[in-house]
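model34.cif (mmCIF, C-alpha atoms and all ligand atoms)
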```
data_protein
#
loop_
_atom_site.label_atom_id
_atom_site.label_comp_id
_atom_site.auth_asym_id
_atom_site.auth_seq_id
_atom_site.Cartn_x
_atom_site.Cartn_y
_atom_site.Cartn_z
CA MET A 1 -4.28 8.06 -12.66
CA ALA A 2 -2.31 8.12 -9.40
CA ASP A 3 -5.52 8.61 -7.44
CA ILE A 4 -7.24 5.77 -9.30
CA PHE A 5 -4.22 3.53 -8.63
CA ARG A 6 -4.41 4.28 -4.90
CA CYS A 7 -8.17 3.89 -4.78
CA MET A 8 -8.32 0.59 -6.66
CA GLY A 9 -5.26 -0.63 -4.74
CA LYS A 10 -7.12 -0.01 -1.50
CA ALA A 11 -10.20 -1.83 -2.79
CA ALA A 12 -8.02 -4.78 -3.88
CA HIS A 13 -6.44 -4.94 -0.40
CA VAL A 14 -9.86 -4.97 1.24
CA ALA A 15 -11.02 -7.73 -1.12
CA LEU A 16 -7.93 -9.81 -0.27
CA CYS A 17 -8.58 -9.38 3.48
CA ALA A 18 -12.20 -10.49 2.94
CA ILE A 19 -11.03 -13.60 1.07
CA ALA A 20 -8.66 -14.42 3.96
CA ARG A 21 -11.42 -14.04 6.55
CA HIS A 22 -13.76 -16.16 4.46
CA LEU A 23 -11.16 -18.96 4.61
CA ARG A 24 -11.07 -18.62 8.42
CA LEU A 25 -7.65 -16.95 8.27
CA ARG A 26 -6.38 -13.77 9.86
CA SER A 27 -7.33 -10.89 7.57
CA ASN A 28 -3.67 -9.82 7.26
CA VAL A 29 -2.41 -13.31 6.40
CA PHE A 30 -1.50 -12.34 2.82
CA ASN A 31 0.02 -8.97 3.72
CA HIS A 32 3.61 -10.23 3.49
CA LEU A 33 2.96 -10.91 -0.21
CA LEU A 34 2.20 -7.24 -0.92
CA ASP A 35 4.30 -4.14 -1.47
CA ASP A 36 4.62 -1.81 1.48
CA THR A 37 1.93 0.85 1.64
CA PRO A 38 2.99 3.51 1.19
CA LEU A 39 5.90 2.43 -1.00
CA PRO A 40 9.24 4.14 -0.43
CA THR A 41 9.99 6.73 -3.13
CA ASN A 42 11.86 5.32 -6.14
CA GLU A 43 10.25 1.90 -5.59
CA VAL A 44 8.07 0.59 -8.38
CA SER A 45 4.91 -1.16 -7.23
CA SER A 46 4.45 -4.79 -8.27
CA SER A 47 0.80 -4.04 -8.95
CA VAL A 48 -0.29 -2.42 -12.19
CA LEU A 49 -3.19 -0.34 -13.47
CA VAL A 50 -4.09 -0.73 -17.14
CA ALA A 51 -6.52 1.51 -18.99
CA THR A 52 -7.85 0.33 -22.35
CA TYR A 53 -10.29 1.51 -24.94
CA SER A 54 -11.33 -0.96 -27.58
CA ASN A 55 -13.37 -0.10 -30.63
CA ALA A 56 -16.27 -2.49 -31.19
CA SER A 57 -15.07 -3.37 -34.67
CA LEU A 58 -11.64 -4.22 -33.29
CA GLN A 59 -12.87 -6.03 -30.21
CA ASN A 60 -12.34 -9.46 -31.66
CA GLY A 61 -8.65 -8.77 -31.97
CA LYS A 62 -8.17 -7.66 -28.37
CA GLY A 63 -8.02 -9.30 -24.99
CA ALA A 64 -10.92 -8.89 -22.60
CA ILE A 65 -9.01 -6.48 -20.39
CA GLY A 66 -5.92 -4.37 -20.85
CA GLY A 67 -2.65 -6.06 -21.55
CA GLY A 68 -4.33 -9.33 -22.43
CA LYS A 69 -3.16 -11.56 -25.23
CA PRO A 70 -4.89 -11.07 -28.54
CA GLY A 71 -7.54 -13.57 -29.54
CA MET A 72 -10.69 -14.99 -28.06
CA ASN A 73 -8.98 -17.71 -26.00
CA ALA A 74 -9.56 -17.87 -22.28
CA GLU A 75 -7.06 -16.00 -20.17
CA VAL A 76 -6.11 -16.41 -16.53
CA GLU A 77 -4.64 -13.65 -14.40
CA LYS A 78 -1.22 -14.38 -12.88
CA GLY A 79 -1.41 -12.16 -9.81
CA LEU A 80 -3.48 -12.34 -6.63
CA LEU A 81 -6.59 -10.65 -7.92
CA THR A 82 -7.66 -8.19 -10.59
CA LEU A 83 -10.38 -5.55 -10.27
CA VAL A 84 -12.02 -4.44 -13.50
CA SER A 85 -14.13 -1.35 -13.95
CA SER A 86 -15.68 -0.73 -17.35
CA ASP A 87 -18.33 1.44 -18.98
CA SER A 88 -20.21 -1.54 -20.41
CA PRO A 89 -20.36 -5.30 -19.83
CA GLY A 90 -18.02 -7.46 -21.85
CA ILE A 91 -16.28 -10.11 -19.75
CA GLN A 92 -17.27 -13.76 -19.61
CA VAL A 93 -16.01 -15.83 -16.68
CA CYS A 94 -15.89 -19.63 -16.44
CA ASP A 95 -17.56 -21.04 -13.31
CA PRO A 96 -16.12 -24.10 -11.49
CA ASN A 97 -18.45 -26.36 -13.52
CA GLY A 98 -16.96 -25.15 -16.79
CA ARG A 99 -19.92 -22.94 -17.79
CA TRP A 100 -19.25 -19.47 -19.19
CA TYR A 101 -21.38 -16.55 -18.08
CA VAL A 102 -21.24 -12.78 -18.56
CA ALA A 103 -19.84 -11.71 -15.21
CA ASP A 104 -20.33 -7.96 -15.47
CA GLY A 105 -23.76 -8.06 -17.14
CA GLY A 106 -25.59 -6.60 -14.16
CA SER A 107 -23.01 -4.14 -12.96
CA ALA A 108 -23.83 -0.49 -12.46
CA PRO A 109 -21.34 2.37 -12.95
CA GLY A 110 -18.79 2.20 -10.14
CA ASP A 111 -19.12 -1.58 -9.68
CA LEU A 112 -15.94 -3.60 -9.86
CA LEU A 113 -15.55 -7.11 -11.25
CA LEU A 114 -13.13 -9.26 -9.22
CA LEU A 115 -11.08 -11.91 -11.04
CA THR A 116 -8.98 -14.31 -8.98
CA GLY A 117 -5.44 -15.01 -10.20
CA LYS A 118 -2.97 -17.88 -10.16
CA ALA A 119 -0.86 -16.49 -7.31
CA LEU A 120 -3.95 -16.42 -5.07
CA SER A 121 -4.81 -19.94 -6.18
CA HIS A 122 -1.33 -21.12 -5.12
CA ALA A 123 -1.35 -19.18 -1.84
CA THR A 124 -4.73 -20.71 -0.93
CA ALA A 125 -3.79 -24.24 -2.09
CA GLY A 126 -6.48 -24.09 -4.77
CA LEU A 127 -9.31 -23.12 -2.39
CA ARG A 128 -9.72 -19.89 -4.35
CA PRO A 129 -8.89 -21.07 -7.88
CA ALA A 130 -7.96 -18.64 -10.62
CA ALA A 131 -10.95 -17.68 -12.78
CA PRO A 132 -10.56 -18.09 -16.56
CA TYR A 133 -12.14 -15.22 -18.48
CA LYS A 134 -12.53 -13.96 -22.03
CA ALA A 135 -14.11 -11.14 -23.96
CA ALA A 136 -17.84 -11.65 -24.50
CA PRO A 137 -18.45 -11.39 -28.25
CA ASP A 138 -22.23 -10.71 -28.06
CA TYR A 139 -21.84 -7.74 -25.81
CA SER A 140 -18.98 -6.05 -27.59
CA SER A 141 -20.81 -6.01 -30.91
CA GLY A 142 -24.01 -4.60 -29.42
CA ILE A 143 -22.60 -1.44 -27.92
CA SER A 144 -24.19 1.57 -29.55
CA SER A 145 -21.37 3.94 -28.62
CA GLY A 146 -19.05 1.75 -30.63
CA GLY A 147 -16.44 0.98 -28.01
CA ARG A 148 -15.65 -0.15 -24.52
CA ALA A 149 -13.36 1.54 -22.02
CA SER A 150 -12.04 -0.33 -19.02
CA LEU A 151 -9.63 0.01 -16.14
CA ALA A 152 -7.99 -3.09 -14.71
CA PHE A 153 -6.05 -3.05 -11.44
CA ARG A 154 -3.84 -6.11 -11.06
CA LEU A 155 -2.85 -6.75 -7.44
CA MET A 156 0.49 -8.54 -7.83
CA PRO A 157 2.58 -10.18 -5.11
CA GLN A 158 6.06 -8.69 -4.64
CA GLY A 159 8.84 -10.67 -6.30
CA ASN A 160 10.80 -11.65 -3.21
CA ALA A 161 7.81 -12.95 -1.22
CA ILE A 162 7.17 -16.69 -0.79
CA LEU A 163 3.84 -18.25 -1.80
CA ASP A 164 3.32 -20.70 1.03
CA CYS A 165 0.20 -22.58 2.12
CA SER A 166 1.15 -23.09 5.77
CA PRO A 167 -1.49 -20.60 7.10
CA ILE A 168 -4.10 -22.54 5.10
CA ALA A 169 -2.88 -25.82 6.62
CA ALA A 170 -2.88 -24.24 10.09
CA ALA A 171 -6.54 -23.28 9.61
CA GLY A 172 -7.36 -26.95 9.09
CA HIS A 173 -7.58 -27.09 5.30
CA VAL A 174 -6.06 -30.03 3.44
CA ILE A 175 -3.07 -29.10 1.24
CA PRO A 176 -2.50 -31.23 -1.90
CA HIS A 177 1.12 -32.29 -2.43
CA SER A 178 1.58 -30.15 -5.53
CA TYR A 179 1.42 -26.89 -3.53
CA VAL A 180 5.04 -26.47 -2.45
CA PRO A 181 6.35 -23.15 -1.16
CA ILE A 182 7.80 -21.14 -4.03
CA SER A 183 9.19 -17.63 -4.37
CA VAL A 184 6.97 -15.27 -6.32
CA SER A 185 9.69 -14.53 -8.87
CA GLN A 186 10.13 -18.24 -9.57
CA PHE A 187 6.37 -18.75 -9.73
CA MET A 188 5.99 -15.94 -12.29
CA ASP A 189 8.97 -17.19 -14.30
CA ASP A 190 7.38 -20.66 -14.42
CA LEU A 191 4.10 -19.18 -15.69
CA SER A 192 5.95 -17.24 -18.39
CA ALA A 193 7.82 -20.38 -19.39
CA GLU A 194 4.51 -22.28 -19.60
CA GLU A 195 3.08 -19.52 -21.76
CA ASP A 196 6.08 -19.70 -24.06
CA VAL A 197 5.58 -23.43 -24.46
CA LEU A 198 1.83 -23.10 -25.01
CA GLY A 199 2.18 -20.06 -27.23
CA SER A 200 4.28 -22.06 -29.68
CA ARG A 201 1.52 -24.65 -30.05
CA SER A 202 -1.50 -24.12 -32.25
CA ASP A 203 -4.01 -25.70 -29.84
CA ASN A 204 -3.58 -23.03 -27.19
CA THR A 205 -6.71 -23.77 -25.18
CA TYR A 206 -7.67 -23.33 -21.60
CA VAL A 207 -7.86 -27.10 -21.12
CA ALA A 208 -4.22 -27.53 -22.06
CA ARG A 209 -3.18 -24.82 -19.66
CA ASN A 210 -5.28 -26.22 -16.87
CA SER A 211 -3.99 -29.78 -17.12
CA LEU A 212 -0.45 -28.47 -17.18
CA ASN A 213 -1.02 -26.77 -13.84
CA LYS A 214 -2.16 -29.92 -12.12
CA GLU A 215 0.92 -31.98 -13.03
CA PRO A 216 3.71 -31.57 -10.49
CA SER A 217 6.54 -29.56 -12.03
CA LEU A 218 10.05 -30.97 -12.40
CA ARG A 219 11.15 -28.44 -9.81
CA SER A 220 8.59 -29.61 -7.25
CA VAL A 221 9.60 -33.25 -7.75
CA LEU A 222 13.25 -32.34 -7.26
CA SER A 223 12.80 -30.16 -4.18
CA ASP A 224 12.10 -30.62 -0.51
CA PRO A 225 8.36 -29.96 0.04
CA VAL A 226 9.01 -28.38 3.45
CA SER A 227 11.73 -25.84 2.66
CA GLY A 228 11.46 -25.69 -1.11
CA SER A 229 15.21 -26.20 -1.50
CA PHE A 230 16.55 -28.50 -4.19
CA LEU A 231 17.30 -32.12 -3.19
CA GLU A 232 21.06 -31.81 -3.51
CA ASP A 233 21.39 -33.80 -0.27
CA ALA A 234 18.87 -36.54 -1.27
CA MET A 235 19.09 -39.81 0.69
CA LEU A 236 17.45 -43.08 -0.31
CA VAL A 237 15.57 -44.64 2.62
CA SER A 238 14.80 -48.32 3.07
CA CYS A 239 11.27 -48.23 1.51
CA GLY A 240 12.67 -46.92 -1.77
CA HIS A 241 11.57 -43.27 -1.38
CA SER A 242 14.09 -40.44 -1.25
CA PHE A 243 14.17 -37.31 0.86
CA GLY A 244 16.38 -34.31 1.50
CA GLY A 245 16.43 -31.16 3.61
CA LEU A 246 13.84 -30.72 6.34
CA MET A 247 11.61 -33.60 5.18
CA LEU A 248 14.59 -35.97 5.52
CA ARG A 249 15.09 -34.74 9.08
CA ARG A 250 11.42 -35.41 9.81
CA VAL A 251 11.62 -38.93 8.33
CA ILE A 252 14.69 -39.72 10.44
CA GLU A 253 13.12 -38.30 13.60
CA THR A 254 9.91 -40.29 13.19
CA SER A 255 11.56 -43.39 11.60
CA ARG A 256 8.64 -43.40 9.19
CA CYS A 257 8.32 -42.59 5.46
CA THR A 258 6.04 -39.57 4.97
CA LEU A 259 4.92 -40.88 1.55
CA CYS A 260 4.14 -44.57 2.16
CA CYS A 261 4.21 -44.65 5.99
CA ALA A 262 6.65 -47.60 5.96
CA GLU A 263 8.91 -47.93 8.99
CA ILE A 264 12.43 -46.71 8.15
CA GLU A 265 15.71 -48.17 9.32
CA THR A 266 17.47 -44.88 9.92
CA GLY A 267 20.86 -46.60 10.07
CA SER A 268 20.69 -47.73 6.45
CA LEU A 269 20.40 -44.43 4.55
CA VAL A 270 22.22 -44.29 1.22
CA PRO A 271 22.94 -41.09 -0.74
CA ASN A 272 20.74 -40.94 -3.87
CA LEU A 273 23.40 -39.72 -6.28
CA ALA A 274 21.20 -39.78 -9.40
CA LEU A 275 18.53 -37.63 -7.74
CA ARG A 276 21.19 -35.25 -6.40
CA ALA A 277 22.68 -34.85 -9.88
CA ALA A 278 19.24 -34.21 -11.43
CA ALA A 279 18.39 -31.64 -8.75
CA ALA A 280 21.74 -29.89 -9.22
CA ALA A 281 21.28 -29.76 -13.01
CA VAL A 282 17.77 -28.25 -12.78
CA LYS A 283 18.93 -25.81 -10.12
CA HIS A 284 21.75 -24.66 -12.38
CA GLU A 285 19.30 -24.18 -15.27
CA ASP A 286 16.98 -22.27 -12.94
CA ASP A 287 19.71 -19.96 -11.65
CA ARG A 288 20.64 -19.07 -15.21
CA ARG A 289 17.03 -18.23 -16.06
CA LEU A 290 16.52 -16.25 -12.85
CA PHE A 291 19.71 -14.31 -13.54
CA HIS A 292 18.43 -13.43 -17.01
CA ASN A 293 14.97 -12.44 -15.76
CA ALA A 294 16.41 -10.38 -12.92
CA THR A 295 18.50 -8.47 -15.46
CA VAL A 296 15.40 -7.73 -17.52
CA ARG A 297 13.43 -6.61 -14.44
CA LYS A 298 16.28 -4.44 -13.23
CA ARG A 299 16.57 -2.73 -16.63
CA ARG A 300 12.85 -2.06 -16.68
CA LYS A 301 12.98 -0.51 -13.20
CA GLU A 302 15.97 1.64 -14.17
CA LEU A 303 14.14 2.93 -17.22
CA VAL A 304 11.19 3.90 -15.01
CA ASP A 305 13.59 5.56 -12.55
CA GLN A 306 15.29 7.49 -15.33
CA MET A 307 11.98 8.76 -16.63
CA ALA A 308 10.95 9.82 -13.14
CA SER A 309 14.24 11.55 -12.37
CA ARG A 310 14.39 13.57 -15.61
CA ARG A 311 13.85 17.18 -14.72
CA PRO A 312 12.21 19.54 -17.24
CA ASN A 313 15.43 21.61 -17.43
CA LYS A 314 17.52 18.54 -18.22
CA GLU A 315 18.28 17.81 -21.81
CA ASN A 316 16.55 14.79 -23.25
CA GLY A 317 19.63 12.67 -23.83
CA ASP A 318 21.06 13.34 -20.37
CA ILE A 319 20.55 10.14 -18.42
CA GLY A 320 23.39 10.66 -15.94
CA ASP A 321 26.32 8.38 -15.29
CA ASP A 322 24.32 5.54 -13.83
CA GLY A 323 22.71 4.27 -17.03
CA ILE A 324 22.12 0.56 -17.59
CA ARG A 325 24.08 -1.42 -15.03
CA GLY A 326 24.20 -5.18 -14.67
CA VAL A 327 22.43 -7.27 -12.07
CA GLN A 328 22.73 -5.84 -8.56
CA TYR A 329 22.98 -8.30 -5.71
CA PRO A 330 21.41 -7.13 -2.46
CA PHE A 331 24.67 -7.84 -0.57
CA SER A 332 28.31 -8.28 -1.49
CA VAL A 333 30.53 -11.19 -0.46
CA ASN A 334 32.14 -10.79 3.00
CA GLU A 335 29.53 -8.20 3.98
CA LYS A 336 28.13 -8.67 7.49
CA VAL A 337 24.37 -8.82 7.90
CA VAL A 338 21.99 -9.38 10.82
CA ILE A 339 19.52 -12.22 10.21
CA LYS A 340 15.99 -10.88 10.38
CA GLY A 341 14.40 -14.21 9.41
CA ASN A 342 10.85 -15.14 8.58
CA ARG A 343 8.34 -17.67 9.91
CA ARG A 344 10.48 -20.61 8.83
CA THR A 345 13.81 -19.32 10.17
CA PRO A 346 14.87 -21.34 13.23
CA GLU A 347 14.81 -19.03 16.26
CA LYS A 348 18.47 -19.62 17.13
CA PHE A 349 19.47 -17.78 13.93
CA VAL A 350 17.24 -14.73 14.34
CA GLY A 351 19.16 -11.61 15.40
CA LYS A 352 22.54 -13.32 14.86
CA GLU A 353 25.22 -11.79 12.68
CA ALA A 354 26.16 -13.61 9.49
CA VAL A 355 28.80 -13.12 6.80
CA ILE A 356 27.80 -13.38 3.13
CA THR A 357 29.84 -16.17 1.54
CA SER A 358 28.17 -16.41 -1.88
CA GLN A 359 25.66 -14.46 -3.91
CA CYS A 360 22.30 -15.76 -4.98
CA LEU A 361 19.50 -13.95 -6.79
CA ASN A 362 16.37 -15.55 -5.41
CA GLY A 363 17.41 -15.22 -1.79
CA TRP A 364 17.05 -18.91 -0.92
ZN ZN B 401 8.29 -44.75 1.48
#
```

For this file, write the structure as structure tokens.
Ligand SMILES: [Zn+2]
Amino acid sequence: MADIFRCMGKAAHVALCAIARHLRLRSNVFNHLLDDTPLPTNEVSSSVLVATYSNASLQNGKGAIGGGKPGMNAEVEKGLLTLVSSDSPGIQVCDPNGRWYVADGGSAPGDLLLLTGKALSHATAGLRPAAPYKAAPDYSSGISSGGRASLAFRLMPQGNAILDCSPIAAAGHVIPHSYVPISVSQFMDDLSAEEDVLGSRSDNTYVARNSLNKEPSLRSVLSDPVSGSFLEDAMLVSCGHSFGGLMLRRVIETSRCTLCCAEIETGSLVPNLALRAAAAAVKHEDDRRLFHNATVRKRRKELVDQMASRRPNKENGDIGDDGIRGVQYPFSVNEKVVIKGNRRTPEKFVGKEAVITSQCLNGW
């Protein structure tokens, strides 16, 4: 399985590079979203390989590929892309015009089916939308061997990366307003939250899911579209619009509203206290949820670590003295760090020493 993981991982990387080049981007433009290759020992990859075998008579109760939700509803992958290899056709994909077709009908042994995911859709500002798919009922019932085996490799972005469309904008593509930069962990948490909401409804259809994606989220309305930070410093400008963070700076510098293009009297800015309070409340809610999710992720990683570190001569119950710990922050308060920065870090900060004053889980 380790060899298959490496092999399909490589193929997924190549496919991602090809997608980037096709969009007139550098082929390595998405590399910062991926785990290091090779991963340091003890690190768990964000990507996953799932092997499934489904009996024909049980097919109707299973998802199209491993780990999918039960039922015949359309599913959409969350990650960047998913490669599926199977011994017989069985996956229907929805084309951009809403027509379903059997996507792996003509594939030979060794062919891989590529499904685009929601993270890729966000990173490309919708230019490579996520493909809805479902199990094809006709094909699954007609298999003489009585079952279908498949391997699915899900290329997932690493949790602390930022999904950001600026390379797409730089290549001359138009970016709709709803595509704000967002950390991968937040993006995935949002998708899980959406699923929870939709899962509790009876009319769990693809249409409902799709329309939900197009509406701007509460978070995006309450955050600065440039930096992604919450509008806790929101100012009301003379046209009636409000801005905070880097977008506010831009509005002041240009004396022009970026939403309605009205000329702004920069001397008459008023703090928008209601918007600040709303942003602070949602941020607080978010932090609590992130804290919870980080605890769950950490526990899962520790369990994997424990399983890996168990030697054959160790007794089964012997886990060692570092069992389940709480959430681990990357740095402690008062610790000195050197700012490495990323593309959006102002140059004057890069390489400078900083002291940690408070702890935050999502790194923003
Ligand atoms: Zn305005």

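The gap separating atom CA of A:Phe230 from atom CA of A:Ala280 is 7.4 Å, in Å to one decimal.
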
How big is the axis-aligned box, and where does its centre sit, when it encloses all atoms of stretch 6-21 of chain A listed in the file and has 6 Å added on every side, reported in Å to one decimal as lines of an AutoDock Vina configuration file?
```
center_x = -8.3
center_y = -5.1
center_z = -0.1
size_x = 19.8
size_y = 30.7
size_z = 25.2
```

Cut-off 12 Å, only C-alpha atoms and all ligand atoms, neighbours of ligand ZN 401 (chain B) as a VMD selection string: chain A and resid 235 to 243 248 251 255 to 265

Selection export as a PDB file, in the coordinates of the input, atoms kept: C-alpha atoms:
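Final file, selection.pdb:
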```
ATOM      1  CA  MET A 235      19.090 -39.810   0.690  1.00  0.00           C
ATOM      2  CA  LEU A 236      17.450 -43.080  -0.310  1.00  0.00           C
ATOM      3  CA  VAL A 237      15.570 -44.640   2.620  1.00  0.00           C
ATOM      4  CA  SER A 238      14.800 -48.320   3.070  1.00  0.00           C
ATOM      5  CA  CYS A 239      11.270 -48.230   1.510  1.00  0.00           C
ATOM      6  CA  GLY A 240      12.670 -46.920  -1.770  1.00  0.00           C
ATOM      7  CA  HIS A 241      11.570 -43.270  -1.380  1.00  0.00           C
ATOM      8  CA  SER A 242      14.090 -40.440  -1.250  1.00  0.00           C
ATOM      9  CA  PHE A 243      14.170 -37.310   0.860  1.00  0.00           C
ATOM     10  CA  LEU A 248      14.590 -35.970   5.520  1.00  0.00           C
ATOM     11  CA  VAL A 251      11.620 -38.930   8.330  1.00  0.00           C
ATOM     12  CA  SER A 255      11.560 -43.390  11.600  1.00  0.00           C
ATOM     13  CA  ARG A 256       8.640 -43.400   9.190  1.00  0.00           C
ATOM     14  CA  CYS A 257       8.320 -42.590   5.460  1.00  0.00           C
ATOM     15  CA  THR A 258       6.040 -39.570   4.970  1.00  0.00           C
ATOM     16  CA  LEU A 259       4.920 -40.880   1.550  1.00  0.00           C
ATOM     17  CA  CYS A 260       4.140 -44.570   2.160  1.00  0.00           C
ATOM     18  CA  CYS A 261       4.210 -44.650   5.990  1.00  0.00           C
ATOM     19  CA  ALA A 262       6.650 -47.600   5.960  1.00  0.00           C
ATOM     20  CA  GLU A 263       8.910 -47.930   8.990  1.00  0.00           C
ATOM     21  CA  ILE A 264      12.430 -46.710   8.150  1.00  0.00           C
ATOM     22  CA  GLU A 265      15.710 -48.170   9.320  1.00  0.00           C
TER      23      GLU A 265
END
```

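By chain and then residue number, the residues within 8 Å of stretch 9-23 of chain A are A:Phe5, A:Ser27, A:Asn28, A:Val29, A:Phe30, A:Leu81, A:Thr82, A:Leu83, A:Phe153, A:Leu155, A:Ile168, counting all atoms listed in the file and disregarding those fewer than 4 positions away in sequence.
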
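Between atom CA of A:Ser45 and atom CA of A:Asp196 there is a distance of 25.1 Å.
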
- Query: Pick from A:Ala161, A:Val304, A:Ala2, A:Ala130: nearest to A:Glu75, with all atoms listed in the file counted?
  - Reply: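 Between A:Ala161, A:Val304, A:Ala2, A:Ala130, the residue approaching A:Glu75 most closely is A:Ala130.
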
From the list A:Arg343, A:Arg148, A:Lys283, A:Arg276, the nearest residue to A:Ala234 using all atoms listed in the file is A:Arg276

Between atom CA of A:Val44 and atom CA of A:Lys298, what is the distance in Å, rounded to a tenth?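 Distance reported for this atom pair: 10.8 Å.
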
- Best match for closeness to A:Ala135 among A:Asp104, A:Asp286, A:Asp224, A:Asp3, counting only C-alpha atoms: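 Checking each candidate against A:Ala135, we get A:Asp104 as the closest.
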
- request: Go through A:Leu80, A:Leu25, A:Ala277, A:Ala131 and flag the residue nearest A:Arg99, using only C-alpha atoms for the distances.
  value: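 Closest candidate: A:Ala131.
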
Quick one: residues within 12 Å of A:Ala279, only C-alpha atoms counted, chain neighbours fewer than 3 positions away excluded, as a PyMOL selection string? chain A and resi 218-224+228-234+243-244+272-276+282-286

- Query: For A:Val184, which of A:Ala308, A:Val93, A:Ile162, A:Ala152 is the closest residue, counting all atoms listed in the file?
  - Reply: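 Among the listed residues, the smallest separation from A:Val184 belongs to A:Ile162.
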
Hey, what's within 12 Å of A:Pro129 if we count only C-alpha atoms and toss same-chain stuff fewer than 6 positions away? As a list in words, please?
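In the requested form, the answer reads Ile19, Val76, Glu77, Lys78, Gly79, Leu80, Leu81, Cys94, Asp95, Pro96, Leu115, Thr116, Gly117, Lys118, Ala119, Leu120, Ser121, His122, Ala123, Asn210, Asn213 and Lys214 of chain A.
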